[in-house]
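I have placed the structure first, in the form of structure tokens, so that the comments after it can refer back to it.
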Amino acid sequence: MTANIFKLIFVVIGLFLIYKLIFSNKKGLTIFEMHFKDGRMTQHKGKIPERFEKECRQLAKTEKLTCTIRAEKSGDVRLHISANVSDNVKQRIRNLFPFEYYDKKSIDNSRQAG
């Protein structure tokens, strides 16, 4: 009787681990996220660089953007912009983003460790 219970527990744990391995999103740590609707910021979370936020708000207002902009850190910082944004506007947003701010922090941390 107890042997069957242990077998069942191991099967459930095995299925759970397989599920996690197959369906896990390998997302990094989200630094910030901004949501825009019709050119206005409707929602935000995380620590957004002040100048970047101000310039994004201005760009979203002039372009009447409805999108999400998210920065993630998994090794290096990656900027994710909704697919419905045109390539030209995406490039303008990437040009505004202070990648060097995050690269500098990681360089400073590695110097302190050494």
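Naming works like this for the structure tokens: A, B, ... for the chains as they're shown, residue 1 at the start of each chain, ligands 1 onward in shown order.
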For A:Ala60, work out the shell of residues within 9 Å, counting only C-alpha atoms and skipping chain neighbours fewer than 3 positions away, then give it as a list in words. Phe36, Lys37, Asp38, Gly39, Arg40, Met41, Glu55, Cys56, Arg57, Glu63, Lys64, Leu65, Thr66 and Cys67 of chain A
Output C-alpha atoms of each residue in that selection to a file, as a PDB file, in the first residue's frame.
```pdb
ATOM      1  CA  PHE A  36       1.222  53.224 -23.016  1.00  0.00           C
ATOM      2  CA  LYS A  37      -2.257  53.631 -24.467  1.00  0.00           C
ATOM      3  CA  ASP A  38      -3.018  56.273 -27.098  1.00  0.00           C
ATOM      4  CA  GLY A  39       0.148  58.177 -26.210  1.00  0.00           C
ATOM      5  CA  ARG A  40      -0.344  58.219 -22.434  1.00  0.00           C
ATOM      6  CA  MET A  41       1.416  56.094 -19.833  1.00  0.00           C
ATOM      7  CA  GLU A  55      11.706  61.132 -23.340  1.00  0.00           C
ATOM      8  CA  CYS A  56       9.565  57.997 -23.842  1.00  0.00           C
ATOM      9  CA  ARG A  57       6.488  59.828 -22.602  1.00  0.00           C
ATOM     10  CA  GLU A  63       3.405  59.125 -32.001  1.00  0.00           C
ATOM     11  CA  LYS A  64       0.153  58.208 -30.129  1.00  0.00           C
ATOM     12  CA  LEU A  65       1.713  54.881 -29.104  1.00  0.00           C
ATOM     13  CA  THR A  66      -0.149  51.955 -27.614  1.00  0.00           C
ATOM     14  CA  CYS A  67       2.547  49.545 -26.491  1.00  0.00           C
TER      15      CYS A  67
END
```
Hey, what does DSSP flag as strand (DSSP E) within chain A? Can you give it to me as a ChimeraX atom specification? /A:29-37,40-46,67-74,76-81
Looking only at the backbone, which of the residues in stretch 27-110 of chain A does DSSP tag as helix (DSSP H, G or I), as a PyMOL selection string? chain A and resi 50-63+87-96+99-110
Skip A:Arg92 itself and residues of its chain fewer than 2 positions away, then list as a list of chain:residue names all residues within 12 Å of it, counting only C-alpha atoms. A:Phe52, A:Glu55, A:Cys56, A:Gln58, A:Leu59, A:Ala60, A:Glu63, A:Ile81, A:Val85, A:Ser86, A:Asp87, A:Asn88, A:Val89, A:Lys90, A:Arg94, A:Asn95, A:Leu96, A:Phe97
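By only C-alpha atoms, and with residues fewer than 5 positions from A:His44 along its chain excluded, the set lying at most 12 Å from it is Thr30, Ile31, Phe32, Glu33, Met34, His35, Phe36, Lys37, Glu53, Arg57, Cys67, Thr68, Ile69, Arg70 and Ala71 of chain A.
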Dump as a tab-separated table (two decimals), in the first residue's frame, selection limited to C-alpha atoms:
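Once written, selection-v7.tsv looks like this:
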```
chain	number	residue	atom	x	y	z
A	30	THR	CA	12.49	42.62	-15.06
A	31	ILE	CA	14.05	46.00	-14.32
A	32	PHE	CA	11.03	48.04	-15.36
A	33	GLU	CA	7.89	47.95	-17.47
A	34	MET	CA	5.90	50.83	-19.00
A	35	HIS	CA	2.47	50.55	-20.62
A	36	PHE	CA	1.22	53.22	-23.02
A	37	LYS	CA	-2.26	53.63	-24.47
A	53	GLU	CA	10.91	57.90	-18.90
A	57	ARG	CA	6.49	59.83	-22.60
A	67	CYS	CA	2.55	49.54	-26.49
A	68	THR	CA	4.59	48.01	-23.71
A	69	ILE	CA	8.27	48.73	-23.13
A	70	ARG	CA	10.13	46.40	-20.79
A	71	ALA	CA	13.77	46.08	-19.75
```
Show which residues sit within 12 Å of stretch 72-75 of chain A, as an mmCIF file with N, CA and C atoms, in the first residue's frame. Count only C-alpha atoms, and ignore same-chain residues fewer than 5 positions away.
```cif
data_model
loop_
_atom_site.group_PDB
_atom_site.id
_atom_site.type_symbol
_atom_site.label_atom_id
_atom_site.label_comp_id
_atom_site.auth_asym_id
_atom_site.auth_seq_id
_atom_site.Cartn_x
_atom_site.Cartn_y
_atom_site.Cartn_z
ATOM 1 N N LYS A 26 12.351 31.379 -19.947
ATOM 2 C CA LYS A 26 13.678 31.750 -19.478
ATOM 3 C C LYS A 26 13.817 33.266 -19.537
ATOM 4 N N LYS A 27 12.973 33.935 -18.796
ATOM 5 C CA LYS A 27 13.003 35.384 -18.737
ATOM 6 C C LYS A 27 13.980 35.815 -17.662
ATOM 7 N N GLY A 28 14.549 36.976 -17.871
ATOM 8 C CA GLY A 28 15.458 37.507 -16.874
ATOM 9 C C GLY A 28 14.701 38.316 -15.838
ATOM 10 N N LEU A 29 15.449 38.997 -15.037
ATOM 11 C CA LEU A 29 14.899 39.866 -14.009
ATOM 12 C C LEU A 29 14.345 41.119 -14.679
ATOM 13 N N THR A 30 13.077 41.419 -14.475
ATOM 14 C CA THR A 30 12.487 42.616 -15.064
ATOM 15 C C THR A 30 12.935 43.834 -14.269
ATOM 16 N N ILE A 31 13.586 44.768 -14.954
ATOM 17 C CA ILE A 31 14.053 46.001 -14.317
ATOM 18 C C ILE A 31 12.902 46.992 -14.227
ATOM 19 N N PHE A 32 12.206 47.175 -15.350
ATOM 20 C CA PHE A 32 11.030 48.039 -15.359
ATOM 21 C C PHE A 32 10.114 47.659 -16.505
ATOM 22 N N GLU A 33 8.891 48.173 -16.423
ATOM 23 C CA GLU A 33 7.895 47.948 -17.468
ATOM 24 C C GLU A 33 7.019 49.189 -17.553
ATOM 25 N N GLY A 46 8.730 49.246 -11.498
ATOM 26 C CA GLY A 46 10.180 49.117 -11.515
ATOM 27 C C GLY A 46 10.872 50.461 -11.494
ATOM 28 N N LYS A 47 12.194 50.420 -11.557
ATOM 29 C CA LYS A 47 13.007 51.635 -11.515
ATOM 30 C C LYS A 47 13.350 52.053 -12.937
ATOM 31 N N ILE A 48 12.664 53.090 -13.410
ATOM 32 C CA ILE A 48 12.847 53.598 -14.766
ATOM 33 C C ILE A 48 13.803 54.789 -14.697
ATOM 34 N N HIS A 80 12.671 45.223 -24.513
ATOM 35 C CA HIS A 80 11.598 44.592 -25.283
ATOM 36 C C HIS A 80 10.522 45.634 -25.544
ATOM 37 N N ILE A 81 10.151 45.766 -26.812
ATOM 38 C CA ILE A 81 9.132 46.735 -27.224
ATOM 39 C C ILE A 81 8.061 45.970 -27.977
ATOM 40 N N PHE A 99 21.724 52.205 -22.222
ATOM 41 C CA PHE A 99 22.357 50.900 -22.021
ATOM 42 C C PHE A 99 23.652 51.039 -21.228
ATOM 43 N N TYR A 102 23.581 50.723 -17.389
ATOM 44 C CA TYR A 102 23.547 49.378 -16.827
ATOM 45 C C TYR A 102 24.876 48.662 -17.029
ATOM 46 N N ASP A 103 25.559 48.907 -18.167
ATOM 47 C CA ASP A 103 26.873 48.307 -18.394
ATOM 48 C C ASP A 103 27.871 48.833 -17.374
ATOM 49 N N SER A 106 27.473 47.115 -13.984
ATOM 50 C CA SER A 106 28.021 45.765 -13.920
ATOM 51 C C SER A 106 29.548 45.799 -13.918
#
```
